[in-house]
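Source file: start.txt. Holds: compact mmCIF, C-alpha atoms and all ligand atoms.
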# COMPACT_ATOMS: atom_id res chain seq x y z
CA MET A 1 -37.55 15.59 16.98
CA ARG A 2 -34.70 16.72 14.75
CA TYR A 3 -31.44 14.82 14.56
CA SER A 4 -28.02 15.72 13.16
CA ALA A 5 -26.21 13.94 10.34
CA LYS A 6 -22.50 13.16 10.04
CA ILE A 7 -20.09 11.40 7.70
CA LYS A 8 -19.34 7.98 9.19
CA GLY A 9 -17.39 6.30 6.40
CA THR A 10 -15.86 6.97 2.98
CA GLY A 11 -14.57 4.79 0.17
CA ARG A 12 -13.38 4.96 -3.42
CA SER A 13 -12.76 2.74 -6.39
CA LEU A 14 -10.82 3.65 -9.51
CA PRO A 15 -10.11 1.61 -12.62
CA GLU A 16 -6.53 0.38 -13.01
CA LYS A 17 -6.09 1.41 -16.65
CA ILE A 18 -4.34 4.78 -17.07
CA LEU A 19 -4.73 7.12 -20.06
CA ASN A 20 -2.01 9.77 -19.99
CA ASN A 21 -1.49 12.94 -22.01
CA PHE A 22 0.95 11.19 -24.34
CA ASP A 23 -1.68 8.55 -25.15
CA LEU A 24 -4.05 11.39 -26.05
CA GLU A 25 -1.43 12.97 -28.34
CA LYS A 26 -1.83 9.84 -30.48
CA LEU A 27 -5.61 10.24 -30.69
CA VAL A 28 -6.14 13.98 -31.37
CA GLU A 29 -4.13 17.07 -32.22
CA THR A 30 -3.07 18.04 -28.72
CA SER A 31 0.02 18.05 -26.52
CA ASP A 32 1.03 17.15 -23.01
CA GLU A 33 2.04 20.78 -22.56
CA TRP A 34 -1.37 22.18 -23.69
CA ILE A 35 -3.30 19.79 -21.48
CA LYS A 36 -1.11 20.41 -18.41
CA THR A 37 -1.10 24.20 -18.68
CA ARG A 38 -4.78 24.59 -19.68
CA THR A 39 -6.27 21.97 -17.33
CA GLY A 40 -3.67 20.74 -14.79
CA MET A 41 -4.25 17.12 -15.86
CA SER A 42 -1.61 14.47 -16.59
CA GLU A 43 -3.47 11.18 -16.32
CA ARG A 44 -6.95 9.82 -15.95
CA ARG A 45 -8.38 6.34 -15.24
CA VAL A 46 -10.42 4.41 -17.76
CA SER A 47 -12.99 1.75 -16.90
CA ALA A 48 -12.50 -1.82 -18.08
CA ASP A 49 -14.76 -2.59 -21.07
CA ASP A 50 -16.74 -5.17 -19.12
CA LYS A 51 -17.27 -2.95 -16.06
CA ALA A 52 -19.93 -0.29 -15.40
CA SER A 53 -20.77 2.35 -12.80
CA SER A 54 -22.42 -0.08 -10.36
CA ASP A 55 -19.30 -2.32 -10.25
CA TYR A 56 -16.95 0.47 -9.14
CA ALA A 57 -19.66 2.00 -6.93
CA THR A 58 -20.18 -1.29 -5.10
CA ALA A 59 -16.45 -1.59 -4.40
CA ALA A 60 -16.39 1.99 -3.07
CA ALA A 61 -19.50 1.33 -0.96
CA GLU A 62 -17.92 -1.75 0.64
CA GLN A 63 -14.93 0.35 1.72
CA ALA A 64 -17.18 3.09 3.12
CA LEU A 65 -19.22 0.53 5.10
CA GLN A 66 -16.03 -0.99 6.49
CA MET A 67 -14.76 2.41 7.67
CA ALA A 68 -18.18 3.13 9.21
CA GLU A 69 -18.07 -0.27 10.95
CA LEU A 70 -21.49 -1.06 9.54
CA HIS A 71 -22.95 -3.99 7.63
CA ALA A 72 -24.83 -3.43 4.39
CA LYS A 73 -28.05 -4.46 6.23
CA ASP A 74 -27.63 -1.40 8.52
CA ILE A 75 -28.26 0.90 5.53
CA ASP A 76 -31.77 2.42 5.23
CA MET A 77 -31.47 4.15 1.84
CA VAL A 78 -29.15 4.29 -1.18
CA ILE A 79 -28.81 7.44 -3.31
CA VAL A 80 -26.52 7.60 -6.34
CA GLY A 81 -25.42 10.75 -8.17
CA THR A 82 -24.54 9.79 -11.74
CA VAL A 83 -25.03 10.75 -15.38
CA THR A 84 -23.61 7.43 -16.55
CA PRO A 85 -25.90 4.85 -14.96
CA ASP A 86 -25.42 1.21 -16.02
CA HIS A 87 -28.80 1.52 -17.81
CA ALA A 88 -31.32 4.33 -18.35
CA PHE A 89 -33.43 2.12 -16.08
CA PRO A 90 -33.48 0.47 -13.59
CA SER A 91 -31.48 2.82 -11.40
CA THR A 92 -27.83 2.18 -10.54
CA ALA A 93 -28.90 2.36 -6.87
CA CYS A 94 -30.99 -0.80 -7.38
CA LEU A 95 -27.98 -2.60 -8.89
CA ILE A 96 -25.68 -1.54 -6.03
CA MET A 97 -28.30 -2.76 -3.53
CA LYS A 98 -28.47 -6.13 -5.33
CA ASN A 99 -24.66 -6.37 -5.23
CA LEU A 100 -24.60 -5.56 -1.51
CA GLY A 101 -27.39 -8.07 -0.79
CA ILE A 102 -29.88 -5.52 0.54
CA LYS A 103 -33.49 -4.77 -0.48
CA ASN A 104 -36.85 -3.33 0.55
CA MET A 105 -35.65 0.22 1.12
CA PRO A 106 -35.59 3.36 -1.03
CA GLY A 107 -32.87 3.40 -3.69
CA PHE A 108 -32.70 5.91 -6.52
CA ASP A 109 -30.40 7.89 -8.81
CA ILE A 110 -30.01 11.65 -9.04
CA SER A 111 -29.09 13.27 -12.36
CA ALA A 112 -27.32 16.49 -11.43
CA GLY A 113 -24.13 16.32 -13.48
CA CYS A 114 -20.85 16.79 -11.65
CA PRO A 115 -22.50 17.99 -8.39
CA GLY A 116 -24.43 14.68 -8.29
CA TRP A 117 -22.74 13.63 -5.03
CA ILE A 118 -23.38 17.07 -3.47
CA PHE A 119 -27.07 16.66 -4.36
CA THR A 120 -27.16 13.17 -2.78
CA MET A 121 -25.54 14.55 0.39
CA ASN A 122 -28.15 17.31 0.54
CA ILE A 123 -30.99 14.77 0.26
CA ALA A 124 -29.44 12.31 2.71
CA LYS A 125 -29.06 15.12 5.26
CA GLN A 126 -32.83 15.78 5.21
CA TYR A 127 -33.71 12.10 5.72
CA ILE A 128 -31.31 11.74 8.66
CA GLU A 129 -32.37 15.03 10.26
CA ASN A 130 -36.10 14.27 10.08
CA GLY A 131 -35.52 10.87 11.70
CA THR A 132 -36.64 8.72 8.75
CA CYS A 133 -33.22 7.08 8.31
CA GLU A 134 -30.22 6.26 10.50
CA ASN A 135 -27.64 5.29 7.89
CA ILE A 136 -27.68 6.30 4.22
CA LEU A 137 -25.25 5.19 1.53
CA VAL A 138 -24.58 7.97 -0.96
CA VAL A 139 -22.47 7.47 -4.05
CA GLY A 140 -20.93 9.74 -6.68
CA VAL A 141 -19.98 7.65 -9.69
CA ASP A 142 -19.34 8.36 -13.35
CA MET A 143 -17.79 6.53 -16.25
CA LEU A 144 -17.57 9.50 -18.61
CA THR A 145 -14.98 7.78 -20.81
CA LYS A 146 -17.86 5.53 -21.95
CA ILE A 147 -19.60 8.57 -23.49
CA THR A 148 -16.54 10.58 -24.59
CA ASN A 149 -15.82 11.31 -28.24
CA TYR A 150 -12.11 10.50 -28.68
CA LYS A 151 -12.08 12.53 -31.89
CA ASP A 152 -13.05 15.76 -30.09
CA ARG A 153 -9.99 17.37 -28.53
CA ASN A 154 -12.17 19.95 -26.76
CA THR A 155 -13.57 17.27 -24.46
CA CYS A 156 -11.64 13.99 -24.68
CA VAL A 157 -8.61 15.22 -22.73
CA LEU A 158 -10.71 16.11 -19.71
CA PHE A 159 -12.55 13.07 -18.43
CA GLY A 160 -11.79 9.99 -16.35
CA ASP A 161 -13.76 7.30 -14.49
CA ALA A 162 -14.18 6.79 -10.73
CA ALA A 163 -16.57 6.02 -7.90
CA GLY A 164 -16.71 7.55 -4.42
CA ALA A 165 -19.04 6.38 -1.65
CA THR A 166 -19.97 7.93 1.68
CA VAL A 167 -22.00 6.66 4.62
CA ILE A 168 -24.11 9.38 6.26
CA SER A 169 -25.37 8.48 9.72
CA ARG A 170 -27.32 9.96 12.59
CA ALA A 171 -24.89 11.80 14.89
CA GLU A 172 -24.99 11.20 18.59
CA ASP A 173 -25.23 14.19 20.95
CA LYS A 174 -21.57 13.82 22.00
CA ASP A 175 -20.36 13.78 18.37
CA ILE A 176 -18.61 16.88 17.08
CA SER A 177 -18.87 15.56 13.50
CA ARG A 178 -21.75 17.17 11.62
CA LEU A 179 -23.15 17.87 8.17
CA ILE A 180 -23.40 21.57 8.98
CA ASP A 181 -25.22 22.81 5.91
CA SER A 182 -25.70 22.29 2.21
CA ASP A 183 -26.91 24.30 -0.77
CA ILE A 184 -27.98 22.99 -4.18
CA SER A 185 -29.20 24.85 -7.24
CA ALA A 186 -29.93 24.46 -10.96
CA ASP A 187 -30.45 26.75 -13.96
CA GLY A 188 -31.90 25.03 -17.03
CA ASN A 189 -31.30 28.04 -19.26
CA TYR A 190 -27.79 26.72 -19.83
CA TRP A 191 -28.88 23.11 -20.54
CA ASP A 192 -27.23 23.04 -23.97
CA LEU A 193 -23.71 24.06 -22.85
CA LEU A 194 -22.99 20.53 -21.61
CA VAL A 195 -25.16 17.76 -22.98
CA GLN A 196 -25.34 14.19 -24.26
CA PRO A 197 -27.61 15.03 -27.21
CA ALA A 198 -29.10 11.65 -28.13
CA GLY A 199 -30.40 8.55 -26.40
CA GLY A 200 -33.26 10.18 -24.49
CA SER A 201 -36.89 10.83 -25.48
CA ARG A 202 -36.00 14.00 -27.41
CA THR A 203 -33.65 12.21 -29.81
CA PRO A 204 -33.89 8.45 -29.43
CA ALA A 205 -31.02 6.25 -30.58
CA SER A 206 -30.92 5.64 -34.31
CA TYR A 207 -28.38 4.70 -36.93
CA ASN A 208 -27.80 8.42 -37.60
CA THR A 209 -27.35 9.41 -33.95
CA VAL A 210 -24.67 6.75 -33.58
CA ARG A 211 -22.96 7.69 -36.85
CA GLU A 212 -22.97 11.39 -35.89
CA ARG A 213 -21.64 10.59 -32.39
CA GLN A 214 -24.61 12.23 -30.70
CA HIS A 215 -24.36 9.81 -27.78
CA THR A 216 -21.14 11.41 -26.60
CA ILE A 217 -20.52 14.55 -24.53
CA VAL A 218 -20.90 17.88 -26.32
CA MET A 219 -19.64 20.91 -24.40
CA GLU A 220 -18.99 24.61 -24.89
CA GLY A 221 -16.09 24.50 -22.47
CA ASN A 222 -15.17 28.17 -22.30
CA LYS A 223 -18.79 29.22 -21.57
CA VAL A 224 -19.04 26.58 -18.83
CA PHE A 225 -15.70 27.79 -17.46
CA LYS A 226 -17.01 31.33 -16.92
CA LEU A 227 -20.16 30.15 -15.14
CA ALA A 228 -18.28 27.60 -13.02
CA VAL A 229 -16.34 30.00 -10.83
CA ARG A 230 -19.32 32.28 -10.20
CA SER A 231 -21.77 29.48 -9.39
CA MET A 232 -19.41 27.67 -6.99
CA TYR A 233 -18.46 30.94 -5.31
CA ASN A 234 -22.14 31.92 -4.83
CA SER A 235 -22.98 28.51 -3.40
CA CYS A 236 -20.04 28.61 -0.96
CA GLU A 237 -21.02 32.11 0.14
CA THR A 238 -24.60 30.96 0.73
CA VAL A 239 -23.64 28.16 3.14
CA LEU A 240 -20.93 30.17 4.88
CA LYS A 241 -23.13 33.24 5.44
CA ARG A 242 -26.05 31.13 6.63
CA ASN A 243 -23.78 29.77 9.37
CA ASN A 244 -22.09 33.09 10.24
CA MET A 245 -18.80 31.75 8.92
CA ASP A 246 -16.24 32.84 6.38
CA THR A 247 -13.39 31.00 4.72
CA ASN A 248 -11.13 31.73 7.72
CA SER A 249 -13.28 29.30 9.70
CA VAL A 250 -12.77 26.58 7.09
CA ASP A 251 -9.82 24.17 7.38
CA TRP A 252 -10.10 22.66 3.91
CA VAL A 253 -11.83 23.29 0.60
CA ILE A 254 -12.50 20.38 -1.77
CA PRO A 255 -13.63 21.84 -5.09
CA HIS A 256 -14.87 19.90 -8.12
CA GLN A 257 -11.80 18.86 -10.12
CA ALA A 258 -12.73 20.15 -13.60
CA ASN A 259 -9.83 22.44 -14.42
CA MET A 260 -6.88 23.68 -12.35
CA ARG A 261 -7.48 27.22 -13.62
CA ILE A 262 -11.09 27.07 -12.35
CA ILE A 263 -9.83 25.85 -8.95
CA ASP A 264 -7.23 28.66 -8.83
CA ALA A 265 -9.82 31.31 -9.73
CA LEU A 266 -12.29 30.00 -7.15
CA ALA A 267 -9.67 29.94 -4.39
CA LYS A 268 -8.70 33.51 -5.25
CA LYS A 269 -12.32 34.72 -5.19
CA LEU A 270 -12.97 32.91 -1.89
CA LYS A 271 -9.67 34.30 -0.52
CA VAL A 272 -8.51 30.81 0.44
CA ASP A 273 -4.83 29.90 0.60
CA MET A 274 -4.08 27.15 -1.96
CA LYS A 275 -2.50 25.16 0.90
CA LYS A 276 -6.05 24.57 2.16
CA VAL A 277 -7.34 23.39 -1.22
CA ILE A 278 -7.42 19.66 -1.96
CA ILE A 279 -6.33 18.82 -5.52
CA ASN A 280 -6.01 15.48 -7.28
CA ILE A 281 -6.87 16.60 -10.82
CA GLU A 282 -3.40 15.71 -12.11
CA LYS A 283 -3.92 12.00 -11.42
CA TYR A 284 -7.58 11.49 -12.30
CA GLY A 285 -8.83 14.37 -14.51
CA ASN A 286 -12.51 15.23 -14.21
CA THR A 287 -14.42 12.21 -12.90
CA SER A 288 -17.71 14.15 -12.72
CA ALA A 289 -19.83 13.15 -9.68
CA ALA A 290 -16.90 11.17 -8.24
CA THR A 291 -14.31 13.96 -7.95
CA ILE A 292 -15.24 15.17 -4.45
CA PRO A 293 -16.06 11.86 -2.69
CA VAL A 294 -12.85 10.34 -4.11
CA ALA A 295 -10.74 13.29 -2.94
CA LEU A 296 -12.47 13.27 0.45
CA ASP A 297 -11.73 9.57 0.91
CA GLU A 298 -8.08 10.06 -0.08
CA VAL A 299 -7.47 12.84 2.43
CA ILE A 300 -9.36 11.14 5.27
CA ARG A 301 -7.46 7.87 4.76
CA SER A 302 -4.10 9.63 4.43
CA GLY A 303 -4.76 11.52 7.68
CA LYS A 304 -4.45 14.94 6.01
CA ILE A 305 -8.00 15.80 7.04
CA ARG A 306 -8.62 14.94 10.68
CA HIS A 307 -11.57 14.44 12.98
CA GLY A 308 -13.01 17.87 13.84
CA ASP A 309 -11.74 19.67 10.71
CA ILE A 310 -14.21 21.88 8.86
CA VAL A 311 -14.42 21.09 5.16
CA LEU A 312 -16.21 23.05 2.43
CA MET A 313 -16.96 21.07 -0.74
CA THR A 314 -18.38 22.64 -3.89
CA SER A 315 -19.18 21.65 -7.45
CA PHE A 316 -20.85 22.69 -10.74
CA GLY A 317 -21.88 20.86 -13.87
CA ALA A 318 -24.44 19.90 -16.51
CA GLY A 319 -27.81 21.52 -15.99
CA LEU A 320 -26.25 23.88 -15.19
CA THR A 321 -26.18 22.75 -11.60
CA SER A 322 -24.13 23.81 -8.61
CA GLY A 323 -23.95 23.12 -4.90
CA SER A 324 -21.92 22.99 -1.71
CA VAL A 325 -21.68 20.95 1.47
CA LEU A 326 -20.12 22.22 4.68
CA VAL A 327 -19.11 19.51 7.15
CA ARG A 328 -17.21 18.98 10.34
CA ILE A 329 -15.40 15.66 9.89
O1 LIG A 401 -17.40 19.28 -14.79
C1 LIG A 401 -17.93 20.25 -15.62
C2 LIG A 401 -17.43 19.99 -16.99
N1 LIG A 401 -17.03 21.17 -17.64
C3 LIG A 401 -15.77 21.57 -17.75
O2 LIG A 401 -14.88 21.01 -17.19
C4 LIG A 401 -15.53 22.73 -18.66
C5 LIG A 401 -14.67 23.75 -18.14
N2 LIG A 401 -13.92 24.34 -19.22
C6 LIG A 401 -12.62 24.09 -19.39
O3 LIG A 401 -12.03 23.38 -18.61
C7 LIG A 401 -11.89 24.81 -20.52
O4 LIG A 401 -12.79 25.70 -21.15
C8 LIG A 401 -11.31 23.82 -21.57
C9 LIG A 401 -10.13 23.07 -20.96
C10 LIG A 401 -12.39 22.85 -22.01
C11 LIG A 401 -10.78 24.59 -22.77
O5 LIG A 401 -9.84 25.57 -22.35
P1 LIG A 401 -9.99 27.07 -22.84
O6 LIG A 401 -8.83 27.80 -22.33
O7 LIG A 401 -11.36 27.55 -22.46
O8 LIG A 401 -9.84 26.92 -24.39
P2 LIG A 401 -10.85 27.30 -25.57
O9 LIG A 401 -12.01 26.35 -25.60
O10 LIG A 401 -11.16 28.76 -25.51
O11 LIG A 401 -9.94 27.01 -26.82
C12 LIG A 401 -8.72 27.72 -27.04
C13 LIG A 401 -7.96 27.05 -28.17
C14 LIG A 401 -8.83 26.78 -29.40
O12 LIG A 401 -8.05 26.98 -30.55
P3 LIG A 401 -8.17 28.35 -31.40
O13 LIG A 401 -9.61 28.44 -31.81
O14 LIG A 401 -7.77 29.44 -30.44
O15 LIG A 401 -7.21 28.12 -32.51
C15 LIG A 401 -9.14 25.31 -29.26
O16 LIG A 401 -9.42 24.70 -30.50
O17 LIG A 401 -7.46 25.78 -27.75
C16 LIG A 401 -7.85 24.79 -28.69
N3 LIG A 401 -7.98 23.52 -28.01
C17 LIG A 401 -6.97 22.63 -27.91
N4 LIG A 401 -5.69 22.65 -28.32
C18 LIG A 401 -4.91 21.60 -28.02
C19 LIG A 401 -9.08 23.02 -27.39
N5 LIG A 401 -8.80 21.82 -26.87
C20 LIG A 401 -7.51 21.54 -27.16
C21 LIG A 401 -6.65 20.46 -26.91
N6 LIG A 401 -5.36 20.54 -27.34
N7 LIG A 401 -7.05 19.39 -26.23

Represent the structure contained in this file as structure tokens.
Amino acid sequence: MRYSAKIKGTGRSLPEKILNNFDLEKLVETSDEWIKTRTGMSERRVSADDKASSDYATAAAEQALQMAELHAKDIDMVIVGTVTPDHAFPSTACLIMKNLGIKNMPGFDISAGCPGWIFTMNIAKQYIENGTCENILVVGVDMLTKITNYKDRNTCVLFGDAAGATVISRAEDKDISRLIDSDISADGNYWDLLVQPAGGSRTPASYNTVRERQHTIVMEGNKVFKLAVRSMYNSCETVLKRNNMDTNSVDWVIPHQANMRIIDALAKKLKVDMKKVIINIEKYGNTSAATIPVALDEVIRSGKIRHGDIVLMTSFGAGLTSGSVLVRI
């Protein structure tokens, strides 16, 4: 017996502290004008020093459960997309489960860079469709400011912190809401374009790795930029074609919020009117795995996206990874 999956609830949690372009002007040789015109960003949120991914993720999860009208004990599985877990181990999923007071179910993290939430959605869909689970909590959370080098102007202007949570549930026959399709992909040949060089088994932490700031993000931004548009476009085309759809059948596109110029180029290539594209990059910058679930929650709660709308969500990131999810809300 195969079942269908749907989005039943969404939630988000963002730190209160704001870092704006003028604050960054004091840290590196940059300008509000450069950042706005080259990225579309004005502000980003920064985690409190004593908070970590699981804290914001738990707050987002509680909101998503409330919208879904479910209790934490109704959840059968927790999957977290993150590259900034609280610890290398145990998983952030285990910590969120502890915070929610639930146990004895699968809980694990997925390392897929910015498309982390897209990857969790793809996995959750399989477990709902094959009947193993009825309600899955998926989270996209990253605290990239914790691993950002605030002496590197190429990267430090880009990133912010956030958590987005989504409850995926078994759809009833009468439901029109559906996770229609999803595509995920990775190409390790580009692993070194976006990397946190030290802290893993290749280069364990040492006095030198800390001194040389090898625990922070290193990125060849312009090379990633070129691959970003192509990989998101290909992934969107894959899910649309597989379902005999094109972008005319889509009500909304929620792209990864990495750079306004990337979003513009993608919309142009997909032939989508910018009016249909959801953008919050100005307020939050690039929050990695959280960009899409946060934007989705904002537009569902504001009523901009309504029950029955078809939404295409797509992302790319470290790996290099890419992926898309096509849903009817
Ligand atoms: O979620 C996935 C994560 N990946 C990304 O988001 C990466 C996507 N890439 C990008 O968004 C863009 O490549 C960046 C915003 C990172 C950079 O924009 P760009 O137009 O590709 O600039 P560039 O790297 O080619 O650099 C152009 C110039 C350089 O100066 P010179 O060599 O021409 O004199 C940079 O040093 O801009 C300079 N530059 C800056 N100037 C002022 C780089 N960063 C800054 C800065 N302020 N913050």

Please measure the separation of CA of Glu172 in chain A and CA of Cys133 in chain A, giving the value in Å to one decimal.
->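 So the two atoms, CA of Glu172 in chain A and CA of Cys133 in chain A, lie 13.8 Å apart.
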
Just how far from CA of Pro293 in chain A is CA of Ala112 in chain A, in Å to one decimal?
-> 15.0 Å

Output as a tab-separated table one row per residue of chain A within 9 Å of ligand LIG 401 (chain A): the closest atom pair and its distance in Å to one decimal place, counting all atoms listed in the file, sorted by chain and residue number ascending.
residue	atom	partner	partner_atom	distance
A:Leu24	CA	A:LIG401	N7	8.5
A:Glu25	CA	A:LIG401	N6	8.6
A:Val28	CA	A:LIG401	N7	7.5
A:Glu29	CA	A:LIG401	N6	6.1
A:Thr30	CA	A:LIG401	N6	3.7
A:Ser31	CA	A:LIG401	N6	6.0
A:Asp32	CA	A:LIG401	N6	8.4
A:Glu33	CA	A:LIG401	N6	8.8
A:Trp34	CA	A:LIG401	C18	5.6
A:Ile35	CA	A:LIG401	N7	6.1
A:Arg38	CA	A:LIG401	C9	5.7
A:Thr39	CA	A:LIG401	C9	5.4
A:Gly113	CA	A:LIG401	O1	7.5
A:Cys114	CA	A:LIG401	O1	5.3
A:Pro115	CA	A:LIG401	O1	8.3
A:Asp152	CA	A:LIG401	N7	8.0
A:Arg153	CA	A:LIG401	N7	4.2
A:Asn154	CA	A:LIG401	N5	3.9
A:Thr155	CA	A:LIG401	C10	6.2
A:Cys156	CA	A:LIG401	N7	7.3
A:Val157	CA	A:LIG401	N7	5.7
A:Leu158	CA	A:LIG401	O2	6.9
A:Phe159	CA	A:LIG401	O2	8.4
A:Leu193	CA	A:LIG401	N1	9.0
A:Leu194	CA	A:LIG401	N1	7.2
A:Met219	CA	A:LIG401	N1	7.3
A:Glu220	CA	A:LIG401	O9	7.2
A:Gly221	CA	A:LIG401	O4	3.8
A:Asn222	CA	A:LIG401	O4	3.6
A:Lys223	CA	A:LIG401	O4	7.0
A:Val224	CA	A:LIG401	C4	5.2
A:Phe225	CA	A:LIG401	C5	4.2
A:Lys226	CA	A:LIG401	N2	8.0
A:Leu227	CA	A:LIG401	C5	8.9
A:Ala228	CA	A:LIG401	C5	7.4
A:His256	CA	A:LIG401	O1	7.2
A:Gln257	CA	A:LIG401	O1	7.3
A:Ala258	CA	A:LIG401	O2	4.3
A:Asn259	CA	A:LIG401	O3	4.8
A:Met260	CA	A:LIG401	O3	8.1
A:Arg261	CA	A:LIG401	O3	7.8
A:Ile262	CA	A:LIG401	O3	7.3
A:Asn286	CA	A:LIG401	O1	6.4
A:Thr287	CA	A:LIG401	O1	7.9
A:Ser288	CA	A:LIG401	O1	5.5
A:Ala289	CA	A:LIG401	O1	8.3
A:Ser315	CA	A:LIG401	O1	7.9
A:Phe316	CA	A:LIG401	C1	6.2
A:Gly317	CA	A:LIG401	C1	4.4
A:Ala318	CA	A:LIG401	C1	6.6

10 Å contact set for Ile305 in chain A, all atoms listed in the file, chain neighbours under 5 positions out, as a list in words | Asp251, Trp252, Ile278, Leu296, Asp297, Glu298, Val299, Ile300, Ile310, Val311 and Ile329 of chain A

Counting only C-alpha atoms, figure out which residue out of A:Leu100, A:Val218, A:Val325, A:Ile123 gets nearest to Gly81 in chain A.
->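 Answer, going by the shortest atom-to-atom distance: A:Ile123.
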
How would you write as a PyMOL selection string the residues that get within 7 Å of (-22.1, 12.0, 12.3) in the file's frame, counting all atoms listed in the file?
-> chain A and resi 5-8+168-172+175+177-178

For range 201-215 of chain A, list every protein, DNA or RNA residue within 7 Å, evaluated using only C-alpha atoms, and leave out those in the same chain fewer than 4 positions away; present the list as a ChimeraX atom specification.
-> /A:147,196-197

Would you work out the distance separating CA of Thr82 in chain A from CA of Trp117 in chain A, expressed in Å to one decimal?
-> 7.9 Å

May I have the residues within 8 Å of Met97 in chain A as a PyMOL selection string, using only C-alpha atoms and disregarding those fewer than 5 positions away in the same chain?
-> chain A and resi 78+102-103+107

Enumerate, as an MDAnalysis selection string, the protein, DNA and RNA residues whose atoms approach (-29.6, 19.6, 12.1) to within 9 Å, taking into account only C-alpha atoms and the coordinate frame of the file.
-> chainID A and resid 2:5 125:126 128:130 178:181

For His71 in chain A, please output as a list in words all residues within 10 Å (counting only C-alpha atoms; exclusion window: fewer than 4 positions along the same chain).
-> Glu62, Leu65, Gln66, Ile75 and Leu100 of chain A
